[in-house]
Each structure stands twice: as C-alpha cells, then as structure tokens.
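In what follows, a structure is listed as structure tokens, so that the remarks can point back to it.
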Amino acid sequence: MVPKQLSGMNGSIIHSFKNKKMKNYIEEFIFFLEAERAVSPNTVQAYTHDLKTFFSYIEENKKGLKGLAREDIVKFLMFLKDKDLSTTTIARNLATLKTFGKFLVAERVLEENIAGMVETPKTWKKIPEVLNKEEVELLLEAPSGRKPAAIRDKAILELMYASGLRVSEVKDLKKNSVNLEAEFVKCSGKGGKERIVPMGRAARKALEKYLDNVRPKLSEKTHDNHLFLSKLGLGLSRQSIWKMLKKYAKAAGILKHITPHTLRHSFATHLLEGGAELLGVQEMLGHADISTTQIYTHVNKDRLRKTHQKFHPRA
C-alpha cells in the first residue's frame with residue numbers, strides 16, 4: 001500500500017511503473033525516507049522523480065535491477081548529460097541512486113551498492129560560450145567618441161579581454177594596480193591571492209586615455225581610489241559593468257548570450273588557439289587547479305570537430 005503522503009503527485013508517479021517489483025521497492029524506499037529520515041516533501045518528490053527517470057531508462061534498455069553493473073549507472077548519467085541537464089541535476093540523480101542503493105543493501109535486496117562506486121560528476125563542465133576574434137573586435141570598437149563614459153568603457157573592455165580578469169577583480173582594481181610602462185596589471189583573485197597579468201599595447205593605450213582625460217575629473221570630489229569610477233566618482237558595481245557590456249554587445253550586433261565571463265573565456269580560448277601553454281594560461285587566469293583551465297582545450301576540440309564536419313568530404 002502506498003503511504004498516505006504519496007497519494008498526490010508522488011503516488012501517481014509510482015503507480016505508473018510497469019514493473020511491480022520496482023514499484024514496491026520505491027514505495028518502501030519513500031516510506032523509509034518519510035518515516036525514518038523525516039525528509040521534506042520536496043525532497044521526496046525529487047527522489048521519486050529521479051527514480052522514475054532511472055527505472056524508465058533501465059526498462060527501455062531491458063535491464064533488471066539485480067543485473068545492473070557500475071557501467072550501467074555511468075551510461076545512465078551520460079544519458080542525462082546528453083539531454084543537456086545541468087551538472088547539479090545529474091549529481092542529484094546520482095545521489096538519489098546512491099541513497100536508494102544503500103537502502104536496498106540494508107534490506108538485503110542487493111548485495112552491493114553499485115551506485116556508490118560511481119564518482120559524483122563534479123568536474124563535468126559545460127563548454128563556455130566564447131566570441132570569435134571578429135566579434136571581439138566589433139565589441140571593443142563599440143564604445144566610440146569623446147564622451148567620458150565611452151572612453152572609460154573602452155578601457156574596461158580592452159583590459160578585460162587583454163588580461164582575462166574576472167568582473168569582480170576588475171571592479172576591485174585600484175589606481176595603482178596598473179603599471180602602464182611595464183604593461184601589466186596586479187589583481188587580487190579568489191581567496192585573496194594576488195597575481196600579475198600582462199595586458200598588452202591596446203589595453204595600455206585605452207587605459208592611458210582614460211587615466212589622462214577622464215578619471216581625474218571623475219575623482220575630483222570623492223577621491224575614490226578605485227581604478228574605474230562611475231559618473232558620481234565612485235567604484236563601479238558588477239551589475240553596472242554587466243549592463244555596460246550587454247549594451248555594447250547589442251550595439252555591435254552580437255547575438256550570442258554575453259556575460260562578463262565571456263571575455264574571460266574568449267581570452268583563454270584565443271591564447272590556446274595561438275599556441276600558448278596551458279600552464280601559462282592557468283597562471284594568468286588564477287586557477288588553483290589546472291583541470292579548470294583544461295575546459296578551454298575542449299572548446300578548441302569542439303571547434304575543430306565542427307570545422308571537420310562542415311568541410312571534410314567524408315565527415
């Protein structure tokens with residue numbers, strides 16, 4: 001008998017199972033969660049939904065619960081990934097299977113919890129959206145004219161693409177963070193770790209123009225020490241930089257979904273495309289783990305694959 005708490009949506013999901021044994025296993029598991037673990041109704045619903053998805057998958061693949069192996073769990077996770085589900089959702093499905101497997105072992109239905117042998121997909125990352133070099137040029141040329149805001153905004157965009165800084169790092173930069181003569185910028189990243197990143201001639205030129213002609217007027221009243229200032233003479237917020245970026249992307253006719261991180265992704269991707277070493281890019285990005293930087297090698301592989309499929313006669 002289905003527990004009273006499952007008379008609604010969860011009960012209808014369970015009753016939709018064709019396999020009577022599987023339905024009974026889930027009924028007992030959900031009752032266990034409610035009676036002994038006292039989980040919330042939302043959690044019960046999530047567990048029920050995840051198990052429904054899993055059992056539908058193994059039924060379609062003509063698998064029995066007791067005949068499953070670790071590889072079947074991995075294939076199920078890849079099935080979810082192919083449906084473009086987020087890493088968080090996939091990890092939750094695996095957590096459901098691990099808890100369910102532990103329950104079945106305790107009930108002596110299974111001898112071992114095979115889901116418990118599968119690593120949580122923490123390192124699965126969606127390939128980020130990047131701009132090609134032509135799109136970057138259009139974006140960087142969008143702030144034009146002699147207006148103070150346009151001069152400041154061009155300096156921000158040039159610096160972000162030249163250095164790969166996070167938007168939080170850009171907004172926190174101080175006036176003395178840049179060395180124009182040596183063409184580098186010093187920033188404080190995650191965990192307060194400082195790093196020095198080259199910025200190149202284009203960014204230096206844009207910054208010189210901003211520092212010489214715009215910033216002195218903005219800081220007259222406030223004497224704020226931030227590098228980039230608003231028209232009120234105060235440091236910029238992350239939101240204001242984001243809005244500024246979207247405005248110029250629209251003006252440049254770029255249809256891709258752009259965030260401040262898009263310039264950071266483009267910076268890393270274009271460096272690797274140009275032959276830069278992965279360790280050097282890791283250092284400039286301020287990644288503690290090189291596996292985080294390796295996502296950009298996947299971007300390159302994805303582009304190569306698409307080029308091959310488009311132009312090779314037997315692809």
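Each chain in the structure tokens gets a letter, A, B and so on, in the order shown; residues start at 1 in every chain, and ligands are counted from 1 in the order they appear.
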
Running DSSP on the backbone, which parts of segment 7-245 of chain A land in alpha helix (DSSP H), as a ChimeraX atom specification? /A:9-15,20-32,41-60,70-82,87-106,133-141,148-163,167-172,200-213,215-218,238-245

When you look at Ser230 of chain A with a cut-off of 12 Å (counting only C-alpha atoms), what residues show up, excluding the ones that are within fewer than 2 positions of it in the same chain? I need them as a PDB file with N, CA and C atoms, in the first residue's frame.
ATOM      1  N   PRO A 148      33.129  60.859 -21.899  1.00  0.00           N
ATOM      2  CA  PRO A 148      33.887  60.207 -20.822  1.00  0.00           C
ATOM      3  C   PRO A 148      33.488  58.755 -20.583  1.00  0.00           C
ATOM      4  N   ALA A 149      32.180  58.470 -20.623  1.00  0.00           N
ATOM      5  CA  ALA A 149      31.717  57.099 -20.374  1.00  0.00           C
ATOM      6  C   ALA A 149      32.241  56.148 -21.441  1.00  0.00           C
ATOM      7  N   ALA A 150      32.260  56.591 -22.698  1.00  0.00           N
ATOM      8  CA  ALA A 150      32.743  55.732 -23.782  1.00  0.00           C
ATOM      9  C   ALA A 150      34.235  55.460 -23.647  1.00  0.00           C
ATOM     10  N   ARG A 152      35.991  55.501 -20.826  1.00  0.00           N
ATOM     11  CA  ARG A 152      36.146  54.594 -19.676  1.00  0.00           C
ATOM     12  C   ARG A 152      35.743  53.174 -20.047  1.00  0.00           C
ATOM     13  N   ASP A 153      34.616  53.022 -20.718  1.00  0.00           N
ATOM     14  CA  ASP A 153      34.107  51.699 -21.053  1.00  0.00           C
ATOM     15  C   ASP A 153      35.037  50.960 -22.009  1.00  0.00           C
ATOM     16  N   LYS A 171      36.349  45.307 -10.990  1.00  0.00           N
ATOM     17  CA  LYS A 171      35.711  46.366 -10.188  1.00  0.00           C
ATOM     18  C   LYS A 171      36.523  46.706  -8.938  1.00  0.00           C
ATOM     19  N   VAL A 214      39.874  61.308 -18.357  1.00  0.00           N
ATOM     20  CA  VAL A 214      38.557  61.074 -17.766  1.00  0.00           C
ATOM     21  C   VAL A 214      38.607  60.909 -16.250  1.00  0.00           C
ATOM     22  N   ARG A 215      39.448  60.019 -15.772  1.00  0.00           N
ATOM     23  CA  ARG A 215      39.434  59.690 -14.349  1.00  0.00           C
ATOM     24  C   ARG A 215      39.695  60.893 -13.428  1.00  0.00           C
ATOM     25  N   PRO A 216      40.633  61.800 -13.762  1.00  0.00           N
ATOM     26  CA  PRO A 216      40.861  62.952 -12.866  1.00  0.00           C
ATOM     27  C   PRO A 216      39.597  63.766 -12.600  1.00  0.00           C
ATOM     28  N   LYS A 217      38.749  63.905 -13.623  1.00  0.00           N
ATOM     29  CA  LYS A 217      37.510  64.674 -13.438  1.00  0.00           C
ATOM     30  C   LYS A 217      36.497  63.909 -12.587  1.00  0.00           C
ATOM     31  N   LEU A 218      36.460  62.571 -12.769  1.00  0.00           N
ATOM     32  CA  LEU A 218      35.510  61.765 -12.006  1.00  0.00           C
ATOM     33  C   LEU A 218      35.869  61.713 -10.522  1.00  0.00           C
ATOM     34  N   SER A 219      37.155  61.802 -10.224  1.00  0.00           N
ATOM     35  CA  SER A 219      37.606  61.640  -8.827  1.00  0.00           C
ATOM     36  C   SER A 219      37.785  62.962  -8.091  1.00  0.00           C
ATOM     37  N   THR A 222      35.279  62.954  -4.897  1.00  0.00           N
ATOM     38  CA  THR A 222      35.262  61.800  -3.991  1.00  0.00           C
ATOM     39  C   THR A 222      36.649  61.303  -3.604  1.00  0.00           C
ATOM     40  N   ASP A 224      38.011  58.804  -4.667  1.00  0.00           N
ATOM     41  CA  ASP A 224      37.919  57.342  -4.575  1.00  0.00           C
ATOM     42  C   ASP A 224      39.149  56.715  -5.229  1.00  0.00           C
ATOM     43  N   HIS A 226      39.476  53.604  -6.440  1.00  0.00           N
ATOM     44  CA  HIS A 226      39.240  52.578  -7.460  1.00  0.00           C
ATOM     45  C   HIS A 226      39.723  53.055  -8.826  1.00  0.00           C
ATOM     46  N   LEU A 227      40.176  52.110  -9.630  1.00  0.00           N
ATOM     47  CA  LEU A 227      40.657  52.456 -10.975  1.00  0.00           C
ATOM     48  C   LEU A 227      39.520  52.969 -11.846  1.00  0.00           C
ATOM     49  N   PHE A 228      38.421  52.234 -11.873  1.00  0.00           N
ATOM     50  CA  PHE A 228      37.293  52.611 -12.722  1.00  0.00           C
ATOM     51  C   PHE A 228      36.186  53.224 -11.874  1.00  0.00           C
ATOM     52  N   LEU A 232      29.495  59.434 -10.707  1.00  0.00           N
ATOM     53  CA  LEU A 232      29.430  60.036  -9.364  1.00  0.00           C
ATOM     54  C   LEU A 232      30.781  59.997  -8.663  1.00  0.00           C
ATOM     55  N   GLY A 233      31.774  59.414  -9.331  1.00  0.00           N
ATOM     56  CA  GLY A 233      33.103  59.352  -8.755  1.00  0.00           C
ATOM     57  C   GLY A 233      33.321  58.194  -7.813  1.00  0.00           C
ATOM     58  N   LEU A 234      32.443  57.187  -7.880  1.00  0.00           N
ATOM     59  CA  LEU A 234      32.548  56.022  -7.005  1.00  0.00           C
ATOM     60  C   LEU A 234      32.903  54.783  -7.818  1.00  0.00           C
ATOM     61  N   GLY A 235      33.385  53.745  -7.126  1.00  0.00           N
ATOM     62  CA  GLY A 235      33.725  52.498  -7.791  1.00  0.00           C
ATOM     63  C   GLY A 235      32.509  51.872  -8.457  1.00  0.00           C
ATOM     64  N   LEU A 236      32.732  51.201  -9.581  1.00  0.00           N
ATOM     65  CA  LEU A 236      31.639  50.564 -10.311  1.00  0.00           C
ATOM     66  C   LEU A 236      31.208  49.263  -9.633  1.00  0.00           C
ATOM     67  N   SER A 237      29.977  48.864  -9.854  1.00  0.00           N
ATOM     68  CA  SER A 237      29.478  47.585  -9.354  1.00  0.00           C
ATOM     69  C   SER A 237      29.579  46.539 -10.456  1.00  0.00           C
ATOM     70  N   ARG A 238      29.468  45.279 -10.082  1.00  0.00           N
ATOM     71  CA  ARG A 238      29.470  44.200 -11.069  1.00  0.00           C
ATOM     72  C   ARG A 238      28.298  44.357 -12.028  1.00  0.00           C
ATOM     73  N   SER A 240      26.744  47.075 -12.976  1.00  0.00           N
ATOM     74  CA  SER A 240      26.910  48.170 -13.932  1.00  0.00           C
ATOM     75  C   SER A 240      27.848  47.767 -15.064  1.00  0.00           C
ATOM     76  N   ILE A 241      28.889  46.986 -14.752  1.00  0.00           N
ATOM     77  CA  ILE A 241      29.796  46.505 -15.801  1.00  0.00           C
ATOM     78  C   ILE A 241      29.058  45.531 -16.716  1.00  0.00           C
ATOM     79  N   MET A 244      26.768  47.479 -18.993  1.00  0.00           N
ATOM     80  CA  MET A 244      27.581  48.163 -19.984  1.00  0.00           C
ATOM     81  C   MET A 244      27.997  47.212 -21.099  1.00  0.00           C
TER      82      MET A 244
END

I'd like the contact shell of Leu33 of chain A - 12 Å cut-off, only C-alpha atoms, skipping same-chain residues fewer than 5 positions apart - returned as a PyMOL selection string. chain A and resi 3+5-6+26-28+38-48+96+99-100+103

Hey, can you spit out that residue selection with C-alpha atoms as a compact mmCIF listing (two decimals), in the first residue's frame?
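Writing the result to selection21.txt gives the following:
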# COMPACT_ATOMS: atom_id res chain seq x y z
CA PRO A 3 1.94 5.63 2.17
CA GLN A 5 1.86 11.06 1.94
CA LEU A 6 2.21 9.71 -1.60
CA ILE A 26 10.25 2.55 -4.45
CA GLU A 27 7.15 2.55 -2.26
CA GLU A 28 9.18 1.02 0.58
CA ALA A 38 11.87 12.65 8.03
CA VAL A 39 12.83 14.28 4.73
CA SER A 40 10.82 17.20 3.34
CA PRO A 41 8.02 16.72 0.79
CA ASN A 42 10.13 18.49 -1.85
CA THR A 43 12.99 16.05 -1.28
CA VAL A 44 10.59 13.09 -1.52
CA GLN A 45 9.27 14.46 -4.79
CA ALA A 46 12.82 14.89 -6.16
CA TYR A 47 13.81 11.34 -5.16
CA THR A 48 10.63 9.94 -6.69
CA THR A 96 19.34 9.54 -5.27
CA THR A 99 20.81 6.52 -1.23
CA PHE A 100 18.39 4.10 -2.85
CA PHE A 103 18.62 1.21 1.30

Counting only C-alpha atoms, what is within 10 Å of Gly286 of chain A, bar same-chain residues fewer than 3 positions away, as a ChimeraX atom specification? /A:164-166,187-190,193-197,280-283,289-290,293

Could the residues in this selection be saved with C-alpha atoms as a short mmCIF file (atom, residue, chain, number, x, y, z; two decimals), in the first residue's frame?
data_model
loop_
_atom_site.label_atom_id
_atom_site.label_comp_id
_atom_site.auth_asym_id
_atom_site.auth_seq_id
_atom_site.Cartn_x
_atom_site.Cartn_y
_atom_site.Cartn_z
CA GLY A 164 41.16 37.65 -18.65
CA LEU A 165 40.26 39.23 -15.29
CA ARG A 166 37.01 38.30 -13.58
CA CYS A 187 44.86 41.97 -9.09
CA SER A 188 43.54 40.12 -6.08
CA GLY A 189 41.70 36.94 -7.08
CA LYS A 190 39.75 34.25 -5.27
CA LYS A 193 45.59 35.54 -3.91
CA GLU A 194 47.45 38.22 -5.83
CA ARG A 195 48.67 37.69 -9.37
CA ILE A 196 50.29 39.79 -12.07
CA VAL A 197 48.90 39.59 -15.61
CA GLY A 280 50.79 29.86 -18.59
CA VAL A 281 47.09 30.37 -19.23
CA GLN A 282 46.31 28.78 -15.86
CA GLU A 283 48.61 31.26 -14.13
CA ASP A 289 43.58 23.60 -10.38
CA ILE A 290 44.73 23.10 -13.96
CA THR A 293 41.79 25.59 -17.28
#

How close does segment 171-275 of chain A get to segment 126-138 of chain A? List, as CSV, each residue of segment 171-275 of chain A within 12 Å, its nearest atom pair and the distance in Å to one decimal, counting only C-alpha atoms.
residue,atom,partner,partner_atom,distance
A:Ala202,CA,A:Glu137,CA,11.5
A:Leu245,CA,A:Val136,CA,11.7
A:Tyr248,CA,A:Leu138,CA,9.1
A:Ala249,CA,A:Leu138,CA,8.3
A:Lys250,CA,A:Leu138,CA,10.4
A:Ala251,CA,A:Leu138,CA,9.0
A:Ala252,CA,A:Leu138,CA,5.6
A:Gly253,CA,A:Leu138,CA,8.3
A:Ile254,CA,A:Glu135,CA,6.9
A:Leu255,CA,A:Glu135,CA,10.0
A:Lys256,CA,A:Glu129,CA,8.0
A:His257,CA,A:Glu129,CA,7.7
A:Ile258,CA,A:Glu129,CA,7.8
A:Thr259,CA,A:Glu129,CA,9.3
A:Pro260,CA,A:Val130,CA,11.0
A:His261,CA,A:Pro128,CA,9.0
A:Thr262,CA,A:Val130,CA,5.7
A:Leu263,CA,A:Val130,CA,7.3
A:Arg264,CA,A:Val130,CA,8.6
A:His265,CA,A:Val130,CA,5.8
A:Ser266,CA,A:Val130,CA,5.0
A:Phe267,CA,A:Val130,CA,8.8
A:Ala268,CA,A:Val130,CA,9.5
A:Thr269,CA,A:Val130,CA,7.7
A:His270,CA,A:Lys133,CA,7.7
A:Leu271,CA,A:Lys133,CA,11.1
A:Glu273,CA,A:Lys133,CA,10.9
A:Gly274,CA,A:Lys133,CA,11.5

Would you write out those residues with C-alpha atoms, as a short mmCIF file (atom, residue, chain, number, x, y, z; two decimals), in the first residue's frame?
data_model
loop_
_atom_site.label_atom_id
_atom_site.label_comp_id
_atom_site.auth_asym_id
_atom_site.auth_seq_id
_atom_site.Cartn_x
_atom_site.Cartn_y
_atom_site.Cartn_z
CA ALA A 202 45.93 48.05 -26.92
CA LEU A 245 28.84 45.00 -21.70
CA TYR A 248 27.87 47.40 -26.40
CA ALA A 249 27.29 43.79 -27.48
CA LYS A 250 23.88 44.85 -28.76
CA ALA A 251 25.38 47.89 -30.49
CA ALA A 252 27.97 45.63 -32.13
CA GLY A 253 25.23 43.32 -33.44
CA ILE A 254 26.45 40.31 -31.45
CA LEU A 255 23.56 37.89 -30.93
CA LYS A 256 25.30 35.47 -28.57
CA HIS A 257 24.38 35.48 -24.87
CA ILE A 258 27.21 37.50 -23.35
CA THR A 259 28.28 37.93 -19.74
CA PRO A 260 31.46 39.50 -18.34
CA HIS A 261 32.86 35.97 -18.13
CA THR A 262 32.51 35.64 -21.92
CA LEU A 263 35.52 37.91 -22.40
CA ARG A 264 37.48 35.82 -19.91
CA HIS A 265 36.54 32.64 -21.80
CA SER A 266 37.48 34.28 -25.10
CA PHE A 267 40.82 35.47 -23.69
CA ALA A 268 41.79 31.93 -22.65
CA THR A 269 40.49 30.27 -25.82
CA HIS A 270 42.29 32.67 -28.17
CA LEU A 271 45.55 32.28 -26.24
CA GLU A 273 44.44 28.75 -30.23
CA GLY A 274 47.53 30.89 -30.74
#

Just to confirm, what's the straight-line distance from atom CA of Glu158 of chain A to atom CA of Ala203 of chain A in Å (one decimal)?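 Interatomic distance, atom CA of Glu158 of chain A to atom CA of Ala203 of chain A: 4.9 Å.
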